[in-house]
Amino acid sequence: MFRIRALLILLTLILFSPPGLRAQGLDIESRYSPLNRRRSPRGSTEYIILHTTEGGGRGSLEKLRRFGEAHYMVDTNGKVYRIIERHRIATHAGRSMWNGRTNLDNVSIGIEVVGFHDKPMTSAQIRALRELLRQLKAIYRIPDNRILPHSMVAYGTPNRWHRAPHRGRKRCGMLMAREDVRSQIGLHDKPRFDPDVRAGRLVVADDYLERTLFGPSAPAAAGAPAAPAADNVIARNRSAWDIAREQYNAPTTVYEFPDGRVQRGNEITNWNIMPPGTIVRVGAGATVEQQSESERVILLGRDTPSAREFAGPAALDEKTVYFLPTGEVVRGSELTEAQLDSLVEGTGMLVGYVSGGIISARRRAFDIVGPRWNLATTFYRLPDGTVRSGEQINERNIPLGTEVFFQP
Ligand SMILES: [Zn+2]
């Protein structure tokens with residue numbers, strides 16, 4: 001009798017569950033980004049990048065949709081949303097490098113998990129992510145050691161704290177490197193070292209992250225170093241960058257000094273005298289992953305008091321581009337120290353960018369930067385001096401003579 005009842009219940013569940021769930025074991029719904037149709041198809045798919053939203057589900061979904069920043073989002077209740085069709089490019093990895101290859105958006109699928117890089121997923125999320133990964137692995141034949149947390153592939157350009165290109169720009173998705181978590185989501189292999197650090201292309205800017213990503217076991221295991229306490233308090237060995245990363249000088253990042261004064265990141269002019277004990281609060285709007293500071297045009301006077309303050313030694317790098325109010329475009333390497341210090345307010349600045357050349361009748365934007373031509377991280381300097389991102393431009397009427405800048 002009991003068996004028959006159980007069978008009946010099972011039958012009811014099967015008959016009345018939505019078709020997606022029945023067919024694939026996944027509760028999935030399409031909530032495509034308005035940018036979806038504009039995104040080019042990817043040439044190949046070699047990686048899956050796992051992210052944590054660092055914020056709540058509803059706000060994250062809206063933001064991810066608005067900017068087309070993931071293919072999928074896995075909510076805390078196990079519900080999965082499609083945001084960008086899986087064969088198109090989503091802009092989720094930002095400035096990224098793995099094994100010498102950059103711009104991993106071109107060759108990867110991005111999954112955002114609602115939650116935090118250092119907090120466990122819900123059991124519903126684990127089940128959903130495991131099934132989603134199982135399906136994608138089967139479709140694209142991606143081995144487990146190419147399913148990587150975002151923090152493993154993100155890298156930063158030189159700044160005032162780190163003089164070399166570095167790993168550690170983000171801790172996004174960090175928990176997805178832990179072996180216990182990986183085995184829960186059906187992954188049984190992971191990279192054992194950082195190929196870009198080993199090859200000297202990058203340096204390590206976050207030791208704790210490095211140990212978590214490539215260590216043999218979960219940091220919680222006996223003998224392993226624990227997460228640093230007082231996560232958001234500046235100490236002698238814990239800088240504003242360590243806490244807020246590239247949001248350190250954003251207006252949404254608030255500093256509470258030991259003497260009671262409060263200042264926003266964009267109001268601070270001297271980062272050398274940040275007293276230990278200062279509490280750093282990264283704004284709620286900024287905790288959801290957002291475009292890194294080095295991936296947009298920084299305006300002197302508005303976003304930073306000076307180029308040197310923003311970029312440190314990289315201010316004089318050949319991959320730092322300045323758009324002068326006079327209309328001139330110069331590279332950091334073309335400036336003397338004195339010229340650097342006399343750049344005026346309103347000068348635009350891109351860090352970690354190169355020029356792809358000038359658009360002509362025979363050389364269109366796509367010929368220069370390929371499928372990245374219409375992304376928010378590609379920039380166009382029009383002949384009239386204005387600078388637009390790829391998202392703000394229409395390929396049919398980019399004026400001839402426009403110069404294209406992209407991340408190499
Ligand atoms: Zn991420």
# chains A, B, ... in the order shown; residues from 1 in each chain; ligands from 1
>>> closest_atom_pairs(of="chain A", to="ligand 1", cutoff="12 Å", atoms="only C-alpha atoms and all ligand atoms", output="Markdown table")
| residue | atom | partner | partner_atom_place_in_ligand_line | distance |
| --- | --- | --- | --- | --- |
| A:Ile48 | CA | ligand 1 | 1 (Zn) | 11.6 |
| A:Ile49 | CA | ligand 1 | 1 (Zn) | 8.0 |
| A:Leu50 | CA | ligand 1 | 1 (Zn) | 6.9 |
| A:His51 | CA | ligand 1 | 1 (Zn) | 4.1 |
| A:Thr52 | CA | ligand 1 | 1 (Zn) | 6.0 |
| A:Thr53 | CA | ligand 1 | 1 (Zn) | 7.0 |
| A:Glu54 | CA | ligand 1 | 1 (Zn) | 8.9 |
| A:Gly55 | CA | ligand 1 | 1 (Zn) | 11.8 |
| A:Ser60 | CA | ligand 1 | 1 (Zn) | 11.9 |
| A:Leu64 | CA | ligand 1 | 1 (Zn) | 11.1 |
| A:Glu69 | CA | ligand 1 | 1 (Zn) | 9.2 |
| A:Ala70 | CA | ligand 1 | 1 (Zn) | 9.1 |
| A:Met73 | CA | ligand 1 | 1 (Zn) | 11.6 |
| A:Ala90 | CA | ligand 1 | 1 (Zn) | 11.9 |
| A:Thr91 | CA | ligand 1 | 1 (Zn) | 10.0 |
| A:His92 | CA | ligand 1 | 1 (Zn) | 6.4 |
| A:Ala93 | CA | ligand 1 | 1 (Zn) | 6.2 |
| A:Gly94 | CA | ligand 1 | 1 (Zn) | 8.2 |
| A:Arg95 | CA | ligand 1 | 1 (Zn) | 10.6 |
| A:Ser96 | CA | ligand 1 | 1 (Zn) | 10.4 |
| A:Asp105 | CA | ligand 1 | 1 (Zn) | 11.5 |
| A:Ile109 | CA | ligand 1 | 1 (Zn) | 11.8 |
| A:Gly110 | CA | ligand 1 | 1 (Zn) | 8.4 |
| A:Ile111 | CA | ligand 1 | 1 (Zn) | 8.7 |
| A:Glu112 | CA | ligand 1 | 1 (Zn) | 7.2 |
| A:Val113 | CA | ligand 1 | 1 (Zn) | 9.3 |
| A:Val114 | CA | ligand 1 | 1 (Zn) | 10.9 |
| A:Gly115 | CA | ligand 1 | 1 (Zn) | 11.3 |
| A:Phe116 | CA | ligand 1 | 1 (Zn) | 10.4 |
| A:His117 | CA | ligand 1 | 1 (Zn) | 9.3 |
| A:Leu148 | CA | ligand 1 | 1 (Zn) | 10.6 |
| A:Pro149 | CA | ligand 1 | 1 (Zn) | 7.7 |
| A:His150 | CA | ligand 1 | 1 (Zn) | 4.8 |
| A:Ser151 | CA | ligand 1 | 1 (Zn) | 6.9 |
| A:Met152 | CA | ligand 1 | 1 (Zn) | 9.8 |
| A:Val153 | CA | ligand 1 | 1 (Zn) | 9.5 |
| A:Ala154 | CA | ligand 1 | 1 (Zn) | 8.2 |
| A:Tyr155 | CA | ligand 1 | 1 (Zn) | 11.5 |
| A:Gly168 | CA | ligand 1 | 1 (Zn) | 12.0 |
| A:Arg169 | CA | ligand 1 | 1 (Zn) | 10.3 |
| A:Lys170 | CA | ligand 1 | 1 (Zn) | 7.5 |
| A:Arg171 | CA | ligand 1 | 1 (Zn) | 8.0 |
| A:Cys172 | CA | ligand 1 | 1 (Zn) | 4.7 |
| A:Gly173 | CA | ligand 1 | 1 (Zn) | 6.4 |
| A:Met174 | CA | ligand 1 | 1 (Zn) | 9.3 |
| A:Leu175 | CA | ligand 1 | 1 (Zn) | 11.9 |
| A:Met176 | CA | ligand 1 | 1 (Zn) | 11.5 |
| A:Thr287 | CA | ligand 1 | 1 (Zn) | 11.1 |
| A:Val288 | CA | ligand 1 | 1 (Zn) | 9.1 |
| A:Glu289 | CA | ligand 1 | 1 (Zn) | 6.2 |
| A:Gln290 | CA | ligand 1 | 1 (Zn) | 8.4 |
| A:Gln291 | CA | ligand 1 | 1 (Zn) | 9.8 |
| A:Ser292 | CA | ligand 1 | 1 (Zn) | 10.6 |
>>> select_by_dssp(residues="range 176-379 of chain A", states="strand (DSSP E)", output="count of residues only")
32
>>> residues_around(residues="His87 in chain A", least_positions_apart="6", cutoff="10 Å", atoms="only C-alpha atoms", output="number ranges by chain")
A: 39-45, 71, 108-109
>>> residues_around(residues="Val233 in chain A", least_positions_apart="6", cutoff="9 Å", atoms="only C-alpha atoms", output="ChimeraX atom specification")
/A:239-240,243,276-280
>>> write_last_selection(atoms="N, CA, C and O atoms", output="compact mmCIF listing (two decimals), in the first residue's frame")
# COMPACT_ATOMS: atom_id res chain seq x y z
N SER A 239 46.13 46.73 3.07
CA SER A 239 45.91 48.06 2.49
C SER A 239 44.45 48.24 2.05
O SER A 239 43.65 47.30 2.06
N ALA A 240 44.13 49.46 1.65
CA ALA A 240 42.81 49.74 1.09
C ALA A 240 42.56 48.85 -0.13
O ALA A 240 41.46 48.35 -0.34
N ILE A 243 41.47 45.31 0.66
CA ILE A 243 40.08 45.20 1.11
C ILE A 243 39.09 45.49 -0.03
O ILE A 243 38.19 44.72 -0.29
N PRO A 276 46.12 52.66 10.31
CA PRO A 276 45.63 51.34 10.72
C PRO A 276 44.39 51.52 11.60
O PRO A 276 44.31 52.47 12.38
N GLY A 277 43.43 50.63 11.47
CA GLY A 277 42.20 50.75 12.23
C GLY A 277 41.08 51.40 11.43
O GLY A 277 39.93 51.40 11.84
N THR A 278 41.43 51.95 10.26
CA THR A 278 40.39 52.54 9.40
C THR A 278 39.49 51.43 8.87
O THR A 278 39.96 50.40 8.38
N ILE A 279 38.17 51.64 9.01
CA ILE A 279 37.21 50.63 8.53
C ILE A 279 36.81 50.98 7.09
O ILE A 279 36.55 52.14 6.78
N VAL A 280 36.81 49.96 6.23
CA VAL A 280 36.49 50.17 4.82
C VAL A 280 35.16 49.50 4.52
O VAL A 280 35.00 48.31 4.75
>>> residues_around(residues="Arg38 in chain A", least_positions_apart="6", cutoff="10 Å", atoms="only C-alpha atoms", output="PyMOL selection string")
chain A and resi 68+88-89+374-375+391
>>> atom_distance(atom1="CA of Arg308 in chain A", atom2="CA of Gly283 in chain A")
24.6 Å
>>> closest_residue(among="A:Arg381, A:Ala307, A:Thr157, A:Pro275", to="Tyr353 in chain A", atoms="only C-alpha atoms")
A:Thr157
>>> atom_distance(atom1="CA of Asn106 in chain A", atom2="CA of Gly78 in chain A")
27.3 Å
